[in-house]
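Structure data follow from entry30.txt (compact mmCIF, C-alpha atoms):
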```
# COMPACT_ATOMS: atom_id res chain seq x y z
CA MET Y 1 -1.78 -23.94 13.04
CA GLY Y 2 1.93 -24.66 12.95
CA ARG Y 3 2.88 -22.00 10.40
CA LEU Y 4 5.57 -20.66 12.76
CA GLN Y 5 6.69 -23.95 14.29
CA ASP Y 6 9.84 -23.55 16.44
CA ARG Y 7 10.57 -20.05 15.20
CA ILE Y 8 11.87 -17.66 17.83
CA ALA Y 9 9.95 -14.39 17.95
CA ILE Y 10 10.55 -11.26 20.02
CA ILE Y 11 7.40 -9.15 20.36
CA THR Y 12 7.55 -5.76 22.07
CA GLY Y 13 4.55 -4.29 23.84
CA ALA Y 14 3.27 -7.85 24.30
CA GLY Y 15 1.71 -7.25 27.71
CA LYS Y 16 -1.63 -6.13 26.34
CA GLY Y 17 -3.63 -5.14 23.28
CA ILE Y 18 -2.34 -6.01 19.82
CA GLY Y 19 0.97 -7.17 21.26
CA ARG Y 20 -0.65 -9.71 23.57
CA ASP Y 21 -3.02 -10.97 20.89
CA THR Y 22 -0.09 -11.41 18.51
CA ALA Y 23 2.09 -13.15 21.08
CA VAL Y 24 -0.70 -15.58 21.93
CA ARG Y 25 -1.40 -16.27 18.24
CA PHE Y 26 2.28 -16.77 17.41
CA ALA Y 27 2.54 -19.30 20.24
CA LYS Y 28 -0.51 -21.15 18.90
CA GLU Y 29 1.26 -21.29 15.55
CA GLY Y 30 4.22 -22.99 17.23
CA ALA Y 31 6.56 -20.04 17.79
CA LYS Y 32 8.74 -19.62 20.86
CA VAL Y 33 7.83 -16.15 22.06
CA VAL Y 34 9.76 -13.50 23.96
CA ILE Y 35 7.20 -11.26 25.66
CA ALA Y 36 9.00 -7.91 25.84
CA THR Y 37 7.08 -5.37 27.88
CA ARG Y 38 7.70 -2.59 30.37
CA SER Y 39 4.88 -3.69 32.70
CA GLU Y 40 5.59 -6.94 34.51
CA GLY Y 41 1.98 -7.62 35.59
CA PRO Y 42 0.39 -7.55 32.12
CA GLY Y 43 3.43 -9.36 30.72
CA GLN Y 44 2.98 -12.16 33.23
CA GLU Y 45 -0.67 -12.44 32.21
CA THR Y 46 0.38 -12.92 28.60
CA LEU Y 47 2.96 -15.50 29.65
CA ASP Y 48 0.40 -17.38 31.75
CA GLU Y 49 -2.07 -17.48 28.87
CA ILE Y 50 0.53 -18.90 26.49
CA THR Y 51 1.92 -21.52 28.85
CA ARG Y 52 -1.56 -22.52 30.01
CA ASN Y 53 -2.29 -23.51 26.44
CA GLY Y 54 0.95 -25.44 26.03
CA GLY Y 55 3.00 -22.73 24.31
CA ALA Y 56 6.62 -21.76 24.87
CA ALA Y 57 7.45 -18.25 26.04
CA ILE Y 58 9.58 -16.16 28.37
CA LEU Y 59 8.95 -12.74 29.88
CA GLU Y 60 11.43 -9.90 29.41
CA VAL Y 61 10.62 -6.79 31.46
CA VAL Y 62 12.28 -4.00 29.50
CA ASP Y 63 11.98 -0.32 28.70
CA ILE Y 64 12.18 -0.67 24.94
CA GLY Y 65 12.85 3.07 24.61
CA ASN Y 66 16.18 2.62 26.42
CA ARG Y 67 19.07 1.68 24.12
CA GLU Y 68 21.03 -0.39 26.61
CA GLN Y 69 18.00 -2.25 27.93
CA CYS Y 70 16.99 -3.04 24.36
CA ARG Y 71 20.44 -4.43 23.54
CA ALA Y 72 20.53 -6.57 26.68
CA MET Y 73 17.05 -7.95 26.00
CA ILE Y 74 18.08 -9.09 22.52
CA ALA Y 75 21.17 -10.83 23.89
CA ARG Y 76 19.27 -12.61 26.67
CA SER Y 77 16.52 -13.74 24.30
CA ALA Y 78 18.98 -15.20 21.82
CA ALA Y 79 20.89 -16.95 24.59
CA HIS Y 80 17.73 -18.46 26.06
CA PHE Y 81 16.22 -19.85 22.87
CA GLY Y 82 19.39 -20.28 20.82
CA GLY Y 83 18.74 -17.64 18.19
CA ILE Y 84 16.23 -15.18 16.75
CA ASP Y 85 14.01 -15.59 13.68
CA ILE Y 86 11.42 -12.83 14.07
CA VAL Y 87 11.66 -9.34 15.54
CA LEU Y 88 8.26 -7.67 15.87
CA HIS Y 89 8.26 -4.11 17.21
CA ASN Y 90 4.76 -3.32 18.40
CA ALA Y 91 5.29 -1.05 21.42
CA ALA Y 92 4.40 2.62 21.10
CA TYR Y 93 3.90 5.69 23.26
CA THR Y 94 0.61 7.37 22.41
CA ASP Y 95 0.10 10.33 24.74
CA GLY Y 96 0.58 13.85 23.48
CA GLY Y 97 -1.53 16.65 22.06
CA HIS Y 98 -1.60 19.34 19.43
CA ILE Y 99 1.56 20.58 17.76
CA ASP Y 100 1.84 23.59 20.06
CA THR Y 101 0.92 21.75 23.26
CA THR Y 102 2.98 18.54 23.04
CA PRO Y 103 5.96 18.99 25.39
CA ASP Y 104 9.41 18.06 24.14
CA ASP Y 105 9.76 15.13 26.54
CA LYS Y 106 6.60 13.49 25.21
CA LEU Y 107 7.63 14.23 21.65
CA ALA Y 108 10.99 12.55 22.25
CA LEU Y 109 9.36 9.60 24.00
CA THR Y 110 7.02 9.06 21.05
CA PHE Y 111 10.00 8.54 18.75
CA ASP Y 112 12.23 6.79 21.32
CA VAL Y 113 9.62 4.09 21.91
CA GLY Y 114 7.91 3.91 18.52
CA LEU Y 115 10.72 4.41 15.98
CA MET Y 116 14.19 4.07 17.47
CA PRO Y 117 13.80 0.40 18.51
CA CYS Y 118 13.27 -0.44 14.83
CA PHE Y 119 16.92 0.53 14.33
CA TRP Y 120 18.20 -0.76 17.67
CA MET Y 121 16.63 -4.20 17.53
CA THR Y 122 17.51 -4.66 13.87
CA THR Y 123 21.15 -3.80 14.61
CA ASP Y 124 21.42 -6.11 17.61
CA ALA Y 125 19.39 -8.98 16.15
CA LEU Y 126 21.09 -8.90 12.75
CA PRO Y 127 23.81 -11.48 13.57
CA TYR Y 128 21.09 -13.95 14.59
CA LEU Y 129 18.71 -13.09 11.75
CA LYS Y 130 21.47 -13.76 9.22
CA LYS Y 131 21.62 -17.34 10.52
CA SER Y 132 17.84 -17.86 10.40
CA LYS Y 133 16.17 -19.84 7.60
CA ALA Y 134 13.18 -17.46 7.63
CA PRO Y 135 14.28 -14.09 9.08
CA ARG Y 136 11.58 -11.48 9.55
CA ILE Y 137 11.46 -7.91 10.83
CA LEU Y 138 7.91 -6.74 11.50
CA VAL Y 139 6.47 -3.49 12.82
CA THR Y 140 3.06 -2.32 13.97
CA SER Y 141 2.46 0.87 12.00
CA SER Y 142 -0.88 2.70 11.62
CA ILE Y 143 -3.19 4.15 9.02
CA MET Y 144 -2.64 7.41 10.92
CA GLY Y 145 0.15 9.44 9.41
CA ASN Y 146 0.15 7.22 6.34
CA GLN Y 147 -3.41 7.10 5.00
CA ILE Y 148 -5.41 9.38 7.29
CA GLN Y 149 -4.57 12.39 9.44
CA ARG Y 150 -6.15 13.57 12.69
CA ALA Y 151 -5.74 16.90 14.43
CA GLY Y 152 -4.03 16.52 17.77
CA ARG Y 153 -2.12 13.43 16.66
CA THR Y 154 0.59 14.99 14.49
CA HIS Y 155 3.44 13.65 16.65
CA TYR Y 156 2.06 10.10 16.48
CA GLY Y 157 1.29 10.30 12.77
CA ALA Y 158 4.77 11.62 12.03
CA MET Y 159 6.31 8.73 13.95
CA LYS Y 160 4.23 6.13 12.11
CA ALA Y 161 5.05 7.73 8.76
CA ALA Y 162 8.71 7.41 9.71
CA VAL Y 163 8.10 3.72 10.46
CA THR Y 164 6.94 3.33 6.85
CA GLY Y 165 10.19 4.91 5.68
CA PHE Y 166 12.15 2.48 7.82
CA VAL Y 167 10.24 -0.54 6.49
CA ARG Y 168 10.78 0.36 2.84
CA SER Y 169 14.44 1.31 3.17
CA ALA Y 170 15.39 -1.54 5.51
CA ALA Y 171 13.70 -4.03 3.17
CA ALA Y 172 15.94 -2.89 0.32
CA GLU Y 173 19.07 -2.90 2.47
CA LEU Y 174 18.55 -6.25 4.18
CA ALA Y 175 17.24 -8.24 1.21
CA ARG Y 176 20.80 -9.42 0.49
CA TYR Y 177 20.55 -11.49 3.68
CA GLY Y 178 17.13 -12.91 2.85
CA ILE Y 179 15.55 -10.80 5.59
CA THR Y 180 12.07 -9.46 4.86
CA VAL Y 181 10.82 -6.25 6.48
CA ASN Y 182 7.10 -5.47 6.61
CA ALA Y 183 4.44 -3.71 8.68
CA VAL Y 184 0.78 -3.98 9.54
CA ARG Y 185 -1.28 -0.78 9.63
CA PRO Y 186 -4.23 -1.15 12.01
CA GLY Y 187 -7.21 1.13 11.83
CA THR Y 188 -9.34 1.91 14.88
CA THR Y 189 -8.77 -1.09 17.12
CA LEU Y 190 -10.55 -1.76 20.38
CA SER Y 191 -7.77 -1.80 22.95
CA ALA Y 192 -6.94 -0.40 26.38
CA SER Y 193 -4.96 2.49 24.87
CA VAL Y 194 -7.82 3.51 22.57
CA GLU Y 195 -10.29 3.38 25.45
CA ARG Y 196 -7.91 5.53 27.51
CA LEU Y 197 -7.31 8.14 24.82
CA VAL Y 198 -10.69 8.30 23.08
CA SER Y 199 -13.95 9.05 24.88
CA PRO Y 200 -17.03 6.92 24.09
CA GLN Y 201 -18.60 10.01 22.52
CA ALA Y 202 -15.63 10.44 20.15
CA LEU Y 203 -15.28 6.72 19.45
CA LYS Y 204 -18.84 6.33 18.20
CA PRO Y 205 -18.47 8.47 15.04
CA MET Y 206 -15.05 6.94 14.38
CA ILE Y 207 -16.59 3.50 14.26
CA ALA Y 208 -19.52 4.81 12.21
CA ASN Y 209 -16.97 5.90 9.61
CA ILE Y 210 -15.72 2.34 9.11
CA PRO Y 211 -17.36 0.78 6.02
CA LEU Y 212 -17.46 -2.72 7.54
CA GLY Y 213 -19.33 -1.32 10.53
CA ARG Y 214 -17.09 -2.12 13.50
CA ALA Y 215 -13.67 -1.57 14.99
CA VAL Y 216 -10.84 -3.98 14.31
CA ARG Y 217 -10.03 -6.72 16.84
CA GLY Y 218 -6.49 -7.34 18.02
CA ASP Y 219 -6.61 -10.97 16.92
CA GLU Y 220 -7.33 -9.80 13.37
CA ILE Y 221 -4.12 -7.75 13.42
CA ALA Y 222 -2.32 -10.82 14.79
CA LEU Y 223 -3.41 -12.93 11.81
CA ALA Y 224 -1.87 -10.41 9.41
CA PHE Y 225 1.40 -10.68 11.32
CA VAL Y 226 1.24 -14.48 11.20
CA TYR Y 227 0.99 -14.30 7.43
CA LEU Y 228 3.95 -11.92 7.13
CA ALA Y 229 6.03 -14.12 9.45
CA SER Y 230 5.15 -17.35 7.64
CA ASP Y 231 6.67 -19.07 4.61
CA GLU Y 232 3.64 -17.92 2.62
CA ALA Y 233 5.07 -14.38 2.65
CA ALA Y 234 8.62 -15.33 1.69
CA MET Y 235 8.54 -12.91 -1.28
CA VAL Y 236 6.69 -10.09 0.50
CA THR Y 237 8.96 -7.30 1.69
CA GLY Y 238 8.99 -3.52 2.00
CA THR Y 239 5.23 -3.32 2.27
CA SER Y 240 2.47 -2.56 4.79
CA ILE Y 241 -0.79 -4.47 5.10
CA THR Y 242 -3.74 -2.29 6.09
CA VAL Y 243 -6.27 -3.90 8.42
CA ASP Y 244 -8.92 -1.25 9.07
CA GLY Y 245 -12.29 -2.43 7.79
CA GLY Y 246 -12.06 0.16 5.03
CA GLU Y 247 -11.66 3.11 7.42
CA SER Y 248 -8.91 4.72 5.34
CA ALA Y 249 -11.06 4.44 2.20
CA GLY Y 250 -13.36 7.22 3.43
CA ASN Y 251 -16.80 7.85 4.88
CA PRO Y 252 -19.32 5.29 3.57
CA ASN Y 253 -22.24 7.52 4.54
CA PHE Y 254 -21.35 10.31 2.12
CA PHE Y 255 -22.55 9.63 -1.42
CA PRO Y 256 -22.82 12.95 -3.29
CA PHE Y 257 -23.37 11.24 -6.66
CA ASP Y 258 -25.42 8.25 -5.55
CA ASP Y 259 -28.91 8.12 -7.06
CA HIS Y 260 -29.99 5.02 -5.13
```

What does this structure look like when you write it as structure tokens?
Amino acid sequence: MGRLQDRIAIITGAGKGIGRDTAVRFAKEGAKVVIATRSEGPGQETLDEITRNGGAAILEVVDIGNREQCRAMIARSAAHFGGIDIVLHNAAYTDGGHIDTTPDDKLALTFDVGLMPCFWMTTDALPYLKKSKAPRILVTSSIMGNQIQRAGRTHYGAMKAAVTGFVRSAAAELARYGITVNAVRPGTTLSASVERLVSPQALKPMIANIPLGRAVRGDEIALAFVYLASDEAAMVTGTSITVDGGESAGNPNFFPFDDH
């Protein structure tokens, strides 16, 4: 505890799932958290959980895929807490379909919500990050599009692969200011979005393909983010930490050369 004491962190998509788990964990580590989410109800639940446990946080209801709303949210957050130390873009749009069935509006929304805020928030937060003693830009990426591919998820995989490009290039560009840029790549994680998109019948073999035998928990993703945001990771930049229980390593039940 206390690894992020008094650091000001903006976390998008913090109303539920990985975003909520990370916001709650950051607050436990002493951070002052901006809960940036489009849905006020879930965002308020995250805020209540943090404040109930003595943490400091504010709720920002914002459509992170809207340039002007994103800019205004950054300005209000900095004004409220007196600066910004950590920008963590976690929000994503996950609906879609196969290459030939994903409509253009959903394709655009996938990139507007998942990728463009990496540029927008970095641009708008940069004046504050330059003044921080431990400036961090963090992104929730995915093993999908980077380490594994799935039919019907090309739009999402392409967006997450682009996130990797952003992380690596931004790390090189912003190092002159002492700003580190990193990502966490979750594997199959039990969350509301996964339960909405994946049927129980489809989820079962996905979990069976994970060498450690279960899906990832959101709080396990949060711990990886805590590390990247902490002083312990001061020399870690331009990289992505995979947290997937070995899912991207391959099927543990297929041993063509195993004699045992």

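With all atoms listed in the file taken into account, the protein and nucleic acid residues at most 8 Å from stretch 221-227 of chain Y (excluding it and anything under 4 positions from it in its own chain) are Y:Arg3, Y:Leu4, Y:Ile18, Y:Asp21, Y:Thr22, Y:Arg25, Y:Phe26, Y:Leu138, Y:Val184, Y:Pro186, Y:Val216, Y:Arg217, Y:Asp231, Y:Glu232, Y:Ala233, Y:Ile241, Y:Val243.
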
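Interatomic distance, atom CA of Y:Ala249 to atom CA of Y:Ile210: 8.6 Å.
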
Would you work out the distance separating atom CA of Y:Ser248 from atom CA of Y:Asn182, expressed in Å to one decimal?
19.0 Å

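Note that atom CA of Y:Gln5 and atom CA of Y:Thr237 are 21.0 Å apart.
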
Determine, counting all atoms listed in the file, every residue of protein, DNA or RNA that lies within 7 Å of (-3.4, 2.9, 3.4) in the file coordinates, then give the result as a ChimeraX atom specification.
/Y:143,146-147,242,248

Where atoms are lacking, stretch 171-190 of chain Y completed to N, CA and C atoms, as a short mmCIF file (atom, residue, chain, number, x, y, z; two decimals), in the coordinates of the input:
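Result went into result35.cif, see below:
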```cif
data_model
loop_
_atom_site.label_atom_id
_atom_site.label_comp_id
_atom_site.auth_asym_id
_atom_site.auth_seq_id
_atom_site.Cartn_x
_atom_site.Cartn_y
_atom_site.Cartn_z
N ALA Y 171 13.99 -2.88 4.03
CA ALA Y 171 13.70 -4.03 3.17
C ALA Y 171 14.69 -4.09 2.02
N ALA Y 172 14.99 -2.94 1.43
CA ALA Y 172 15.94 -2.89 0.32
C ALA Y 172 17.35 -3.22 0.80
N GLU Y 173 17.71 -2.71 1.97
CA GLU Y 173 19.07 -2.90 2.47
C GLU Y 173 19.35 -4.32 2.94
N LEU Y 174 18.34 -4.95 3.56
CA LEU Y 174 18.55 -6.25 4.18
C LEU Y 174 18.16 -7.43 3.30
N ALA Y 175 17.65 -7.16 2.12
CA ALA Y 175 17.24 -8.24 1.21
C ALA Y 175 18.42 -9.15 0.86
N ARG Y 176 19.61 -8.62 0.84
CA ARG Y 176 20.80 -9.42 0.49
C ARG Y 176 21.01 -10.57 1.47
N TYR Y 177 20.43 -10.43 2.68
CA TYR Y 177 20.55 -11.49 3.68
C TYR Y 177 19.32 -12.39 3.73
N GLY Y 178 18.37 -12.14 2.84
CA GLY Y 178 17.13 -12.91 2.85
C GLY Y 178 16.16 -12.47 3.93
N ILE Y 179 16.40 -11.31 4.52
CA ILE Y 179 15.55 -10.80 5.59
C ILE Y 179 14.43 -9.96 4.99
N THR Y 180 13.19 -10.28 5.31
CA THR Y 180 12.07 -9.46 4.86
C THR Y 180 11.68 -8.48 5.95
N VAL Y 181 11.20 -7.31 5.54
CA VAL Y 181 10.82 -6.25 6.48
C VAL Y 181 9.45 -5.73 6.06
N ASN Y 182 8.47 -5.86 6.94
CA ASN Y 182 7.10 -5.47 6.61
C ASN Y 182 6.39 -4.90 7.84
N ALA Y 183 5.24 -4.29 7.59
CA ALA Y 183 4.44 -3.71 8.68
C ALA Y 183 2.97 -4.05 8.49
N VAL Y 184 2.24 -3.94 9.57
CA VAL Y 184 0.78 -3.98 9.54
C VAL Y 184 0.28 -2.62 10.01
N ARG Y 185 -0.69 -2.07 9.27
CA ARG Y 185 -1.28 -0.78 9.63
C ARG Y 185 -2.69 -1.00 10.16
N PRO Y 186 -2.88 -1.02 11.47
CA PRO Y 186 -4.23 -1.15 12.01
C PRO Y 186 -5.02 0.14 11.86
N GLY Y 187 -6.31 0.00 11.70
CA GLY Y 187 -7.21 1.13 11.83
C GLY Y 187 -7.65 1.23 13.28
N THR Y 188 -8.82 1.80 13.51
CA THR Y 188 -9.34 1.91 14.88
C THR Y 188 -9.53 0.53 15.46
N THR Y 189 -8.77 0.24 16.50
CA THR Y 189 -8.77 -1.09 17.12
C THR Y 189 -9.20 -0.96 18.57
N LEU Y 190 -10.11 -1.80 18.99
CA LEU Y 190 -10.55 -1.76 20.38
C LEU Y 190 -9.45 -2.30 21.27
#
```
